Structures are given as structure tokens and as C-alpha cells.
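Q: Dropping in target09.cif, which is mmCIF, C-alpha atoms:
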```cif
data_entry
#
loop_
_atom_site.group_PDB
_atom_site.id
_atom_site.type_symbol
_atom_site.label_atom_id
_atom_site.label_comp_id
_atom_site.auth_asym_id
_atom_site.auth_seq_id
_atom_site.Cartn_x
_atom_site.Cartn_y
_atom_site.Cartn_z
ATOM 1 C CA MET A 1 88.191 126.868 27.390
ATOM 2 C CA PRO A 2 90.365 129.875 28.313
ATOM 3 C CA LEU A 3 88.748 133.135 29.207
ATOM 4 C CA ASN A 4 88.461 135.447 26.226
ATOM 5 C CA GLU A 5 88.943 139.194 26.075
ATOM 6 C CA ASN A 6 88.410 140.020 22.433
ATOM 7 C CA ARG A 7 89.148 143.561 21.274
ATOM 8 C CA ILE A 8 87.188 145.415 18.626
ATOM 9 C CA ASP A 9 89.149 146.848 15.704
ATOM 10 C CA ALA A 10 88.139 149.682 13.364
ATOM 11 C CA ARG A 11 86.550 147.303 10.850
ATOM 12 C CA ASP A 12 84.323 145.714 13.476
ATOM 13 C CA TRP A 13 83.253 149.095 14.834
ATOM 14 C CA SER A 14 82.158 149.891 11.263
ATOM 15 C CA LEU A 15 80.292 146.586 11.011
ATOM 16 C CA LEU A 16 78.606 147.279 14.356
ATOM 17 C CA ALA A 17 77.403 150.628 13.000
ATOM 18 C CA VAL A 18 75.994 148.918 9.898
ATOM 19 C CA LEU A 19 74.326 146.250 12.032
ATOM 20 C CA SER A 20 72.782 148.891 14.290
ATOM 21 C CA ILE A 21 71.124 150.469 11.243
ATOM 22 C CA LEU A 22 69.840 147.116 9.977
ATOM 23 C CA TRP A 23 68.483 145.982 13.354
ATOM 24 C CA GLY A 24 67.273 149.448 14.312
ATOM 25 C CA GLY A 25 64.932 149.294 11.343
ATOM 26 C CA SER A 26 63.287 146.157 12.761
ATOM 27 C CA PHE A 27 61.407 148.192 15.391
ATOM 28 C CA PHE A 28 59.946 150.395 12.657
ATOM 29 C CA PHE A 29 59.096 147.444 10.412
ATOM 30 C CA ASN A 30 57.540 145.555 13.335
ATOM 31 C CA GLY A 31 55.415 148.531 14.292
ATOM 32 C CA ALA A 32 54.115 148.914 10.745
ATOM 33 C CA ALA A 33 53.438 145.209 10.138
ATOM 34 C CA LEU A 34 51.729 144.597 13.501
ATOM 35 C CA ARG A 35 48.832 146.781 12.378
ATOM 36 C CA GLU A 36 47.585 143.927 10.201
ATOM 37 C CA LEU A 37 49.506 140.817 11.266
ATOM 38 C CA PRO A 38 49.567 138.983 14.624
ATOM 39 C CA PRO A 39 53.042 138.687 16.232
ATOM 40 C CA LEU A 40 53.822 134.985 15.687
ATOM 41 C CA THR A 41 52.760 135.121 12.050
ATOM 42 C CA LEU A 42 54.980 138.156 11.549
ATOM 43 C CA VAL A 43 57.961 136.318 13.048
ATOM 44 C CA PHE A 44 57.281 133.303 10.803
ATOM 45 C CA LEU A 45 57.221 135.512 7.692
ATOM 46 C CA ARG A 46 60.388 137.267 8.832
ATOM 47 C CA VAL A 47 62.480 134.113 9.204
ATOM 48 C CA ALA A 48 60.933 132.286 6.230
ATOM 49 C CA LEU A 49 61.501 135.125 3.768
ATOM 50 C CA GLY A 50 64.939 135.795 5.248
ATOM 51 C CA ALA A 51 65.926 132.156 4.637
ATOM 52 C CA ALA A 52 64.491 132.252 1.116
ATOM 53 C CA ILE A 53 66.558 135.340 0.304
ATOM 54 C CA LEU A 54 69.798 133.745 1.522
ATOM 55 C CA LEU A 55 69.338 130.256 0.040
ATOM 56 C CA PRO A 56 70.477 131.148 -3.515
ATOM 57 C CA LEU A 57 73.661 132.686 -2.101
ATOM 58 C CA LEU A 58 74.687 129.337 -0.600
ATOM 59 C CA ARG A 59 75.010 127.843 -4.064
ATOM 60 C CA VAL A 60 77.006 130.822 -5.297
ATOM 61 C CA GLN A 61 79.422 130.451 -2.353
ATOM 62 C CA GLY A 62 79.530 126.651 -2.632
ATOM 63 C CA ILE A 63 78.378 126.120 0.955
ATOM 64 C CA SER A 64 76.900 122.669 1.623
ATOM 65 C CA PHE A 65 73.915 121.879 3.846
ATOM 66 C CA PRO A 66 74.542 120.282 7.259
ATOM 67 C CA LYS A 67 74.406 116.486 7.217
ATOM 68 C CA GLY A 68 71.917 114.593 9.346
ATOM 69 C CA ALA A 69 70.308 115.503 12.648
ATOM 70 C CA ARG A 70 73.708 115.957 14.290
ATOM 71 C CA GLY A 71 74.732 118.529 11.710
ATOM 72 C CA TRP A 72 71.511 120.519 12.141
ATOM 73 C CA ARG A 73 71.454 120.389 15.950
ATOM 74 C CA ALA A 74 73.585 123.501 16.471
ATOM 75 C CA PHE A 75 71.472 125.553 14.063
ATOM 76 C CA VAL A 76 68.248 124.449 15.736
ATOM 77 C CA VAL A 77 69.629 125.623 19.094
ATOM 78 C CA ILE A 78 70.817 128.944 17.641
ATOM 79 C CA GLY A 79 67.563 129.437 15.758
ATOM 80 C CA LEU A 80 65.555 128.843 18.930
ATOM 81 C CA LEU A 81 67.628 131.207 21.106
ATOM 82 C CA ASN A 82 68.474 133.832 18.483
ATOM 83 C CA ASN A 83 65.228 133.970 16.471
ATOM 84 C CA VAL A 84 62.208 132.048 17.702
ATOM 85 C CA ILE A 85 62.246 133.041 21.379
ATOM 86 C CA PRO A 86 63.526 136.666 21.222
ATOM 87 C CA PHE A 87 61.662 137.661 18.045
ATOM 88 C CA SER A 88 58.400 136.262 19.413
ATOM 89 C CA LEU A 89 58.837 137.835 22.866
ATOM 90 C CA ILE A 90 59.881 141.269 21.559
ATOM 91 C CA VAL A 91 57.189 141.464 18.877
ATOM 92 C CA ALA A 92 54.579 140.338 21.404
ATOM 93 C CA GLY A 93 55.951 142.904 23.856
ATOM 94 C CA GLN A 94 55.529 145.656 21.257
ATOM 95 C CA THR A 95 51.792 145.010 21.290
ATOM 96 C CA PHE A 96 51.798 146.269 24.918
ATOM 97 C CA ILE A 97 54.512 148.965 24.959
ATOM 98 C CA PRO A 98 55.819 151.674 22.571
ATOM 99 C CA SER A 99 58.654 150.879 20.149
ATOM 100 C CA GLY A 100 60.914 153.403 21.903
ATOM 101 C CA LEU A 101 60.603 151.626 25.233
ATOM 102 C CA ALA A 102 61.114 148.272 23.495
ATOM 103 C CA SER A 103 64.399 149.526 22.025
ATOM 104 C CA ILE A 104 65.558 150.637 25.497
ATOM 105 C CA LEU A 105 64.785 147.216 26.946
ATOM 106 C CA ASN A 106 66.575 145.633 23.972
ATOM 107 C CA ALA A 107 69.653 147.643 24.971
ATOM 108 C CA THR A 108 69.967 145.502 28.113
ATOM 109 C CA THR A 109 71.232 142.681 25.852
ATOM 110 C CA PRO A 110 74.968 143.447 26.349
ATOM 111 C CA LEU A 111 74.527 143.346 30.123
ATOM 112 C CA PHE A 112 72.776 139.976 29.975
ATOM 113 C CA THR A 113 75.439 138.704 27.549
ATOM 114 C CA VAL A 114 78.335 139.746 29.792
ATOM 115 C CA LEU A 115 76.686 138.024 32.774
ATOM 116 C CA VAL A 116 75.848 134.837 30.831
ATOM 117 C CA MET A 117 79.388 134.608 29.422
ATOM 118 C CA ALA A 118 80.926 135.096 32.857
ATOM 119 C CA ALA A 119 78.622 132.539 34.501
ATOM 120 C CA ALA A 120 79.528 130.021 31.795
ATOM 121 C CA GLY A 121 83.259 130.655 32.275
ATOM 122 C CA GLU A 122 83.708 131.906 28.708
ATOM 123 C CA GLU A 123 84.796 135.471 29.435
ATOM 124 C CA ALA A 124 86.095 137.218 32.531
ATOM 125 C CA LEU A 125 83.592 139.418 34.350
ATOM 126 C CA GLN A 126 85.538 142.654 34.109
ATOM 127 C CA ALA A 127 84.398 145.611 36.161
ATOM 128 C CA ARG A 128 85.282 147.891 33.241
ATOM 129 C CA ARG A 129 82.935 146.092 30.851
ATOM 130 C CA VAL A 130 80.061 145.899 33.337
ATOM 131 C CA ALA A 131 80.456 149.601 34.183
ATOM 132 C CA GLY A 132 80.632 150.477 30.486
ATOM 133 C CA VAL A 133 77.487 148.527 29.626
ATOM 134 C CA ALA A 134 75.603 150.084 32.575
ATOM 135 C CA LEU A 135 76.743 153.549 31.470
ATOM 136 C CA GLY A 136 75.630 152.800 27.920
ATOM 137 C CA LEU A 137 72.212 151.689 29.120
ATOM 138 C CA ALA A 138 71.882 154.945 31.056
ATOM 139 C CA GLY A 139 72.768 156.791 27.860
ATOM 140 C CA VAL A 140 70.033 154.962 25.953
ATOM 141 C CA VAL A 141 67.491 155.962 28.617
ATOM 142 C CA ILE A 142 68.616 159.591 28.382
ATOM 143 C CA LEU A 143 68.527 159.548 24.578
ATOM 144 C CA ARG A 144 65.160 157.891 24.111
ATOM 145 C CA GLY A 145 63.374 158.733 27.354
ATOM 146 C CA TRP A 146 61.458 155.994 29.115
ATOM 147 C CA GLY A 147 58.415 156.384 26.864
ATOM 148 C CA VAL A 148 56.276 154.924 29.632
ATOM 149 C CA GLU A 149 52.570 155.401 29.161
ATOM 150 C CA SER A 150 49.620 154.159 31.133
ATOM 151 C CA ARG A 151 48.735 151.083 29.104
ATOM 152 C CA ALA A 152 47.018 147.869 30.029
ATOM 153 C CA GLY A 153 49.546 145.034 30.196
ATOM 154 C CA GLN A 154 52.558 147.372 30.090
ATOM 155 C CA GLY A 155 54.411 145.483 32.842
ATOM 156 C CA PHE A 156 53.865 142.236 30.962
ATOM 157 C CA GLY A 157 55.203 143.823 27.774
ATOM 158 C CA ILE A 158 58.339 144.957 29.605
ATOM 159 C CA LEU A 159 58.935 141.430 30.932
ATOM 160 C CA LEU A 160 58.495 139.980 27.436
ATOM 161 C CA CYS A 161 61.119 142.329 25.978
ATOM 162 C CA LEU A 162 63.560 141.629 28.822
ATOM 163 C CA GLY A 163 63.050 137.913 28.216
ATOM 164 C CA GLY A 164 64.012 138.473 24.581
ATOM 165 C CA ALA A 165 67.183 140.316 25.621
ATOM 166 C CA LEU A 166 68.119 137.461 27.977
ATOM 167 C CA SER A 167 67.569 134.931 25.187
ATOM 168 C CA TYR A 168 70.012 136.865 22.987
ATOM 169 C CA GLY A 169 72.601 136.513 25.762
ATOM 170 C CA PHE A 170 72.234 132.724 25.745
ATOM 171 C CA ALA A 171 72.266 132.750 21.928
ATOM 172 C CA ALA A 172 75.653 134.473 21.981
ATOM 173 C CA LEU A 173 77.000 131.773 24.299
ATOM 174 C CA ALA A 174 75.610 128.994 22.092
ATOM 175 C CA ALA A 175 77.005 130.596 18.927
ATOM 176 C CA ARG A 176 80.432 130.831 20.494
ATOM 177 C CA ARG A 177 80.471 127.187 21.562
ATOM 178 C CA LEU A 178 78.691 125.543 18.624
ATOM 179 C CA LEU A 179 79.550 127.583 15.526
ATOM 180 C CA LYS A 180 83.288 128.207 15.654
ATOM 181 C CA ASP A 181 84.030 127.025 12.127
ATOM 182 C CA SER A 182 80.748 127.777 10.354
ATOM 183 C CA PRO A 183 80.884 130.518 7.671
ATOM 184 C CA PRO A 184 78.684 133.544 8.471
ATOM 185 C CA LEU A 185 76.482 133.076 5.387
ATOM 186 C CA GLY A 186 75.888 129.411 6.173
ATOM 187 C CA THR A 187 75.191 130.108 9.841
ATOM 188 C CA ALA A 188 72.696 132.863 9.020
ATOM 189 C CA THR A 189 70.872 130.733 6.443
ATOM 190 C CA PHE A 190 70.726 127.474 8.392
ATOM 191 C CA GLN A 191 69.544 129.103 11.637
ATOM 192 C CA LEU A 192 66.772 130.881 9.694
ATOM 193 C CA MET A 193 65.760 127.627 8.007
ATOM 194 C CA ALA A 194 65.537 125.873 11.374
ATOM 195 C CA SER A 195 63.622 128.838 12.795
ATOM 196 C CA THR A 196 61.175 128.724 9.881
ATOM 197 C CA VAL A 197 60.193 125.144 10.700
ATOM 198 C CA MET A 198 59.755 125.946 14.388
ATOM 199 C CA MET A 199 57.771 129.137 13.764
ATOM 200 C CA ALA A 200 55.544 127.399 11.189
ATOM 201 C CA ILE A 201 54.496 124.950 13.909
ATOM 202 C CA VAL A 202 54.018 127.623 16.604
ATOM 203 C CA ALA A 203 52.248 130.205 14.433
ATOM 204 C CA GLY A 204 50.105 127.544 12.801
ATOM 205 C CA ALA A 205 48.965 126.157 16.142
ATOM 206 C CA VAL A 206 48.337 129.496 17.849
ATOM 207 C CA GLU A 207 47.258 131.972 15.149
ATOM 208 C CA GLN A 208 46.305 129.866 12.100
ATOM 209 C CA PRO A 209 47.646 132.432 9.602
ATOM 210 C CA TRP A 210 45.795 130.894 6.643
ATOM 211 C CA ARG A 211 42.556 132.184 8.162
ATOM 212 C CA LEU A 212 43.767 135.798 8.317
ATOM 213 C CA PRO A 213 42.732 138.432 5.751
ATOM 214 C CA VAL A 214 45.383 139.273 3.154
ATOM 215 C CA PRO A 215 47.465 142.255 4.374
ATOM 216 C CA GLY A 216 47.834 145.450 2.360
ATOM 217 C CA LEU A 217 50.832 146.589 0.315
ATOM 218 C CA ALA A 218 52.325 148.696 3.113
ATOM 219 C CA THR A 219 52.363 145.679 5.431
ATOM 220 C CA TRP A 220 54.024 143.471 2.822
ATOM 221 C CA LEU A 221 56.698 146.123 2.201
ATOM 222 C CA ALA A 222 57.361 146.267 5.962
ATOM 223 C CA VAL A 223 57.636 142.460 6.105
ATOM 224 C CA LEU A 224 60.002 142.442 3.116
ATOM 225 C CA GLY A 225 62.204 145.111 4.696
ATOM 226 C CA LEU A 226 62.190 143.168 7.963
ATOM 227 C CA ALA A 227 63.198 139.927 6.202
ATOM 228 C CA ALA A 228 65.740 141.266 3.712
ATOM 229 C CA LEU A 229 67.474 144.008 5.701
ATOM 230 C CA SER A 230 66.849 143.397 9.395
ATOM 231 C CA THR A 231 67.187 139.613 9.140
ATOM 232 C CA ALA A 232 69.003 138.157 6.098
ATOM 233 C CA LEU A 233 71.673 140.836 5.657
ATOM 234 C CA ALA A 234 71.851 141.656 9.360
ATOM 235 C CA TYR A 235 72.680 138.091 10.386
ATOM 236 C CA ILE A 236 75.503 137.801 7.861
ATOM 237 C CA VAL A 237 77.074 140.879 9.466
ATOM 238 C CA PHE A 238 76.226 139.602 12.977
ATOM 239 C CA PHE A 239 78.009 136.264 12.602
ATOM 240 C CA GLN A 240 80.956 137.916 10.859
ATOM 241 C CA ILE A 241 81.499 140.129 13.935
ATOM 242 C CA ILE A 242 81.161 137.138 16.286
ATOM 243 C CA ARG A 243 83.927 135.301 14.431
ATOM 244 C CA ARG A 244 86.228 138.324 14.557
ATOM 245 C CA SER A 245 85.544 140.024 17.894
ATOM 246 C CA GLY A 246 83.469 137.702 20.058
ATOM 247 C CA ALA A 247 79.926 137.299 21.267
ATOM 248 C CA SER A 248 79.932 139.936 24.015
ATOM 249 C CA ASN A 249 81.247 142.596 21.661
ATOM 250 C CA VAL A 250 78.677 142.003 18.931
ATOM 251 C CA MET A 251 75.850 142.563 21.406
ATOM 252 C CA LEU A 252 77.071 146.128 21.929
ATOM 253 C CA VAL A 253 75.095 146.871 18.774
ATOM 254 C CA THR A 254 71.953 147.232 20.885
ATOM 255 C CA LEU A 255 73.485 150.324 22.509
ATOM 256 C CA LEU A 256 74.149 151.841 19.080
ATOM 257 C CA ILE A 257 70.691 151.158 17.644
ATOM 258 C CA PRO A 258 68.927 154.114 19.326
ATOM 259 C CA VAL A 259 71.726 156.475 18.226
ATOM 260 C CA THR A 260 71.545 155.423 14.584
ATOM 261 C CA ALA A 261 67.747 155.662 14.681
ATOM 262 C CA ILE A 262 67.988 159.291 15.809
ATOM 263 C CA LEU A 263 70.639 160.090 13.179
ATOM 264 C CA LEU A 264 68.630 158.456 10.390
ATOM 265 C CA GLY A 265 65.580 160.442 11.398
ATOM 266 C CA TRP A 266 67.652 163.614 11.177
ATOM 267 C CA LEU A 267 69.362 162.778 7.868
ATOM 268 C CA VAL A 268 66.469 161.146 6.007
ATOM 269 C CA LEU A 269 63.344 162.703 7.513
ATOM 270 C CA GLY A 270 64.714 166.043 8.672
ATOM 271 C CA GLU A 271 63.651 165.412 12.269
ATOM 272 C CA PRO A 272 65.230 167.795 14.802
ATOM 273 C CA ILE A 273 67.723 166.508 17.369
ATOM 274 C CA SER A 274 67.186 167.705 20.941
ATOM 275 C CA MET A 275 69.843 168.441 23.553
ATOM 276 C CA ARG A 276 68.603 165.410 25.504
ATOM 277 C CA GLU A 277 69.340 163.179 22.524
ATOM 278 C CA ILE A 278 72.780 164.723 22.073
ATOM 279 C CA ALA A 279 73.542 164.159 25.760
ATOM 280 C CA GLY A 280 72.380 160.546 25.528
ATOM 281 C CA ALA A 281 74.553 159.928 22.459
ATOM 282 C CA VAL A 282 77.591 161.409 24.248
ATOM 283 C CA VAL A 283 77.015 159.125 27.239
ATOM 284 C CA ILE A 284 76.681 156.082 24.944
ATOM 285 C CA GLY A 285 79.870 157.071 23.108
ATOM 286 C CA SER A 286 81.687 157.382 26.425
ATOM 287 C CA ALA A 287 80.410 153.959 27.455
ATOM 288 C CA LEU A 288 81.718 152.354 24.265
ATOM 289 C CA ILE A 289 85.127 153.948 24.861
ATOM 290 C CA VAL A 290 85.170 152.480 28.376
ATOM 291 C CA ILE A 291 84.149 149.040 27.073
ATOM 292 C CA ASP A 292 86.769 149.133 24.304
ATOM 293 C CA GLY A 293 89.440 149.798 26.937
ATOM 294 C CA ARG A 294 92.224 151.140 24.748
ATOM 295 C CA ALA A 295 91.706 154.782 25.717
ATOM 296 C CA VAL A 296 91.562 153.819 29.403
ATOM 297 C CA ARG A 297 94.839 151.880 29.175
ATOM 298 C CA MET A 298 96.449 154.781 27.300
ATOM 299 C CA LEU A 299 95.465 157.216 30.060
ATOM 300 C CA GLN A 300 96.828 154.804 32.669
ATOM 301 C CA ARG A 301 100.203 154.668 30.874
ATOM 302 C CA VAL A 302 100.323 158.449 30.625
ATOM 303 C CA GLY A 303 99.472 158.756 34.333
#
```
Spell out the structure here as C-alpha cells.

A:
Amino acid sequence: MPLNENRIDARDWSLLAVLSILWGGSFFFNGAALRELPPLTLVFLRVALGAAILLPLLRVQGISFPKGARGWRAFVVIGLLNNVIPFSLIVAGQTFIPSGLASILNATTPLFTVLVMAAAGEEALQARRVAGVALGLAGVVILRGWGVESRAGQGFGILLCLGGALSYGFAALAARRLLKDSPPLGTATFQLMASTVMMAIVAGAVEQPWRLPVPGLATWLAVLGLAALSTALAYIVFFQIIRRSGASNVMLVTLLIPVTAILLGWLVLGEPISMREIAGAVVIGSALIVIDGRAVRMLQRVG
């Protein structure tokens, strides 16, 4: 397969912004739901309800189910790498570290994706992209602060979240190779269905959710928001961007998530924005310009 250097157009930048809002909310929803639900049970509810929300849309769009084990194989792989492993690791990690630190660690996803794609021979390892991703990660650290506290098991929580980010990198590679012709709605639904089966087995064996007390209304609302917005709708947008601009580009959303979280807090909750946060956002914006490459090439032509 030839090396790919997909560009991002204005529409995909807009979709990335939307996706950053949808996925940025997952850290809030996770934090709220984990007060009453154990991590694996929460992940099971997330993927199961997300699949249930999308299933009726398949009929409306006339999308057929995969046929036989061979047809489902790709979605099992994607579900494992894109849902089961990273969701479980990140949610478990959030039981040891603050949500802010978890979002910073999640922002390493583009770096892992660039390295995985290059190692697999799918995309060239461009110095510009690596430098841009590293600059963006520095911007996230500036914007959010490390948020490191003295907590028992904090190092383990950090490793869990980094493992989730690495899994997303492999998921991007698998999606590129296995799901070239699958419509975004079908891909999102089928991977969530496969993930539901896997998480039912894992959560049932480890946490036995049927023995847990019934959560309160606030927890159920957090789970519903996590399933409907941060999962069902988010994955339709996610796979649409992959088809248009490539796997490495869609993972840039993790750099945008902290920025949109700060902006939403300012717009919706009236939270003040500090100079540190402004500086971090400027650094992230500069990183995205470097990664995009068009401004750099324009300056080179002028020079």
C-alpha cells in the first residue's frame, strides 16, 4: 500500500471540533458515573446503550448486517482496539488519577498513531508531523497543568491511560486496513455491537453487575450522555473523518479536546479563562497549523 499523506480540509476541521466536544464530555460523564458504578460495568453500559441507539438508524439507512464470522471479524478487531481495551484502561485509570491528567495522557494518542502508522508502512514518518504533535502535547500540558497529586496508585493510573492511547493508535491502523468501504454509521454500530458482547463477558466475570445496587438518577443521566453523545454520535463523526482525511488526522482530536473543554466551561458555566490556558490554546493552535502543513509550505514559497 502506498504511503498516505492525507490533508485536512475545512469541513474536516469542523468535524474535528465537533468530535472534540463529544469526546471531551466523556471525561466529565465518566467522572460522574464512576461515583456509583465500577469501571468495567460503566464501559459495558456505554457500548451497549450506544449500539441500541444506533440500531434503528441502520434500518432507516438500509444498511445490512455483516454476514457470517468473516463479515464480523473486522468489527470485532475494531471493537476490541477502539472500545474494549482503551475505554476499560482509561476509565480504570481515572479511578487513580484526576480527569484533567487523564485528558493530558489521552492527548498522546496522535503521537502513538503517527508512530504506529509509520512502523506499519502506512504513512511516512514526517518530521513536521512528529514535531507538530509534540508541540501540541506541550500545549495541552500548559493549558491543563499536570494535575499531579499525591495519590496511591497514581503511576499505575498513568500507565493505564497511556495504554489506552496506544490502543487507539492500533485501532486507527486496523480501521484503515479493514474498513475502507464500510459506511460510517454501519462501522460505528457494528463495532459497538461486537464490543457489547465482549464487555458483557468481561464485566460479568469480574464485577458481576447484577449484584450492584441500582444507581441514582444523576448516574443514569451521565451514562446516557456518555452513550448517546460521547459514543453513538461521536463514532459516526469519527469514522466519517477517517474516510475523508485518514486515521492519523482524526486522532488530532485529542489535542483539541482540552481546548473545547475550557471554552465550554467559559461559555456554559461562566468559568474564567486564565492566561496559562490562553497560552496553552495558542501553542495547540500553532501545532495544528504545523501538522496541517499548508501555512508552512506557503511561507516556504514566499521565502

Q: Atom CA of Leu233 of chain A and atom CA of Gly204 of chain A, how far apart in Å?

A: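 Between atom CA of Gly204 of chain A and atom CA of Leu233 of chain A the gap works out to 26.3 Å.
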
Q: I'd like to know which of A:Leu111, A:Met193, A:Leu45, A:Ala118 is closest to Leu135 of chain A, using only C-alpha atoms.

A: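 Checking each of A:Leu111, A:Met193, A:Leu45, A:Ala118 against Leu135 of chain A, counting only C-alpha atoms, the winner is A:Leu111.
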
Q: Applied to this file, what does the PyMOL selection byres ((chain A and resi 163-171) around 10) return in terms of residues, put as a JSON list (two decimals) with C-alpha atoms, keeping the file's coordinate frame?

A:
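Below you can see part.json, which holds the result:
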```
[["chain", "number", "residue", "atom", "x", "y", "z"],
["A", 77, "VAL", "CA", 69.63, 125.62, 19.09],
["A", 78, "ILE", "CA", 70.82, 128.94, 17.64],
["A", 79, "GLY", "CA", 67.56, 129.44, 15.76],
["A", 80, "LEU", "CA", 65.56, 128.84, 18.93],
["A", 81, "LEU", "CA", 67.63, 131.21, 21.11],
["A", 82, "ASN", "CA", 68.47, 133.83, 18.48],
["A", 83, "ASN", "CA", 65.23, 133.97, 16.47],
["A", 84, "VAL", "CA", 62.21, 132.05, 17.70],
["A", 85, "ILE", "CA", 62.25, 133.04, 21.38],
["A", 86, "PRO", "CA", 63.53, 136.67, 21.22],
["A", 87, "PHE", "CA", 61.66, 137.66, 18.05],
["A", 88, "SER", "CA", 58.40, 136.26, 19.41],
["A", 89, "LEU", "CA", 58.84, 137.84, 22.87],
["A", 90, "ILE", "CA", 59.88, 141.27, 21.56],
["A", 91, "VAL", "CA", 57.19, 141.46, 18.88],
["A", 93, "GLY", "CA", 55.95, 142.90, 23.86],
["A", 105, "LEU", "CA", 64.78, 147.22, 26.95],
["A", 106, "ASN", "CA", 66.58, 145.63, 23.97],
["A", 107, "ALA", "CA", 69.65, 147.64, 24.97],
["A", 108, "THR", "CA", 69.97, 145.50, 28.11],
["A", 109, "THR", "CA", 71.23, 142.68, 25.85],
["A", 110, "PRO", "CA", 74.97, 143.45, 26.35],
["A", 111, "LEU", "CA", 74.53, 143.35, 30.12],
["A", 112, "PHE", "CA", 72.78, 139.98, 29.98],
["A", 113, "THR", "CA", 75.44, 138.70, 27.55],
["A", 114, "VAL", "CA", 78.33, 139.75, 29.79],
["A", 115, "LEU", "CA", 76.69, 138.02, 32.77],
["A", 116, "VAL", "CA", 75.85, 134.84, 30.83],
["A", 117, "MET", "CA", 79.39, 134.61, 29.42],
["A", 120, "ALA", "CA", 79.53, 130.02, 31.80],
["A", 157, "GLY", "CA", 55.20, 143.82, 27.77],
["A", 158, "ILE", "CA", 58.34, 144.96, 29.60],
["A", 159, "LEU", "CA", 58.94, 141.43, 30.93],
["A", 160, "LEU", "CA", 58.50, 139.98, 27.44],
["A", 161, "CYS", "CA", 61.12, 142.33, 25.98],
["A", 162, "LEU", "CA", 63.56, 141.63, 28.82],
["A", 172, "ALA", "CA", 75.65, 134.47, 21.98],
["A", 173, "LEU", "CA", 77.00, 131.77, 24.30],
["A", 174, "ALA", "CA", 75.61, 128.99, 22.09],
["A", 175, "ALA", "CA", 77.00, 130.60, 18.93],
["A", 176, "ARG", "CA", 80.43, 130.83, 20.49],
["A", 177, "ARG", "CA", 80.47, 127.19, 21.56],
["A", 247, "ALA", "CA", 79.93, 137.30, 21.27],
["A", 248, "SER", "CA", 79.93, 139.94, 24.02],
["A", 251, "MET", "CA", 75.85, 142.56, 21.41],
["A", 254, "THR", "CA", 71.95, 147.23, 20.88]]
```

Q: Would you compute, for all listed atoms of segment 278-288 of chain A, the axis-aligned bounding box grown by 4 Å on each side, and then report its centre and edge lengths in Å rounded to one decimal, as AutoDock Vina command-line options?

A:
```
--center_x 77.0 --center_y 158.5 --center_z 24.8 --size_x 17.3 --size_y 20.4 --size_z 13.4
```

Q: Which polymer residues have any atom within 7 Å of an atom of segment 237-239 of chain A, counting only C-alpha atoms, with same-chain residues fewer than 3 positions away left out, as a PDB file with C-alpha atoms, in the coordinates of the input?

A:
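New file out.pdb:
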```pdb
ATOM      1  CA  LEU A  15      80.292 146.586  11.011  1.00  0.00           C
ATOM      2  CA  LEU A  19      74.326 146.250  12.032  1.00  0.00           C
ATOM      3  CA  PRO A 184      78.684 133.544   8.471  1.00  0.00           C
ATOM      4  CA  LEU A 233      71.673 140.836   5.657  1.00  0.00           C
ATOM      5  CA  ALA A 234      71.851 141.656   9.360  1.00  0.00           C
ATOM      6  CA  ILE A 242      81.161 137.138  16.286  1.00  0.00           C
ATOM      7  CA  ARG A 243      83.927 135.301  14.431  1.00  0.00           C
ATOM      8  CA  VAL A 250      78.677 142.003  18.931  1.00  0.00           C
TER       9      VAL A 250
END
```

Q: My list of candidates is A:Arg46, A:Lys67, A:Arg11, A:Arg129. Which is closest to Leu192 of chain A when distances are computed with all atoms listed in the file?

A: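 Nearest to Leu192 of chain A: A:Arg46.
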
Q: Would you translate the PyMOL selection byres ((chain A and resi 28) around 10) into the concrete set of residues it matches in this file, as number ranges by chain?

A: A: 23-27, 29-33, 99-100, 222, 225-226, 261

Q: Could you give me, as an MDAnalysis selection string, the residues within 10 Å of Arg35 of chain A, counting only C-alpha atoms and dropping anything in the same chain fewer than 5 positions from it?

A: chainID A and resid 30 95 215 219

Q: Would you mind listing what lies within 10 Å of Ala281 of chain A as a ChimeraX atom specification, with all atoms listed in the file counted and same-chain residues fewer than 4 positions away left out?

A: /A:136,139-140,142-144,255-256,258-260,262,275-277,285-287

Q: Which is closest to Ile284 of chain A among A:Gly132, A:Gly153, A:Pro272, A:Pro38, if we use all atoms listed in the file?

A: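 Of A:Gly132, A:Gly153, A:Pro272, A:Pro38, the one nearest Ile284 of chain A, counting all atoms listed in the file, is A:Gly132.
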
Q: Please provide the set of residues having any atom within 8 Å of Leu58 of chain A, restricted to only C-alpha atoms, with same-chain residues fewer than 4 positions apart removed, written as a ChimeraX atom specification.

A: /A:54,62-64,185-186

Q: Nearest to Ile289 of chain A among A:Val197, A:Leu22, A:Leu252, A:Val223, with distances taken over all atoms listed in the file: which residue is it?

A: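 Among the listed residues, A:Leu252 lies closest to Ile289 of chain A.
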
Q: Quick one, how far is atom CA of Val141 of chain A from atom CA of Phe156 of chain A?

A: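 Interatomic distance here is 19.5 Å.
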
Q: As an exercise, work out the distance from atom CA of Ile241 of chain A to atom CA of Asp12 of chain A in Å and give it to one decimal place.

A: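 Separation between atom CA of Ile241 of chain A and atom CA of Asp12 of chain A: 6.3 Å.
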
Q: Please expand the PyMOL selection byres ((chain A and resi 49) around 12) into the concrete residues it hits in this file, giving the result as a PyMOL selection string.

A: chain A and resi 42-48+50-55+189+192-193+195-196+220+223-233

Q: A:Val76, A:Val253, A:Ala200, A:Ile21: which is nearest Leu288 of chain A, counting all atoms listed in the file?

A: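 Closest to Leu288 of chain A, using all atoms listed in the file: A:Val253.
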
Q: Would you mind telling me which residue in A:Val202, A:Gly280, A:Ala194, A:Gln208 lies nearest to Ala69 of chain A when using all atoms listed in the file?

A: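 Closest candidate: A:Ala194.
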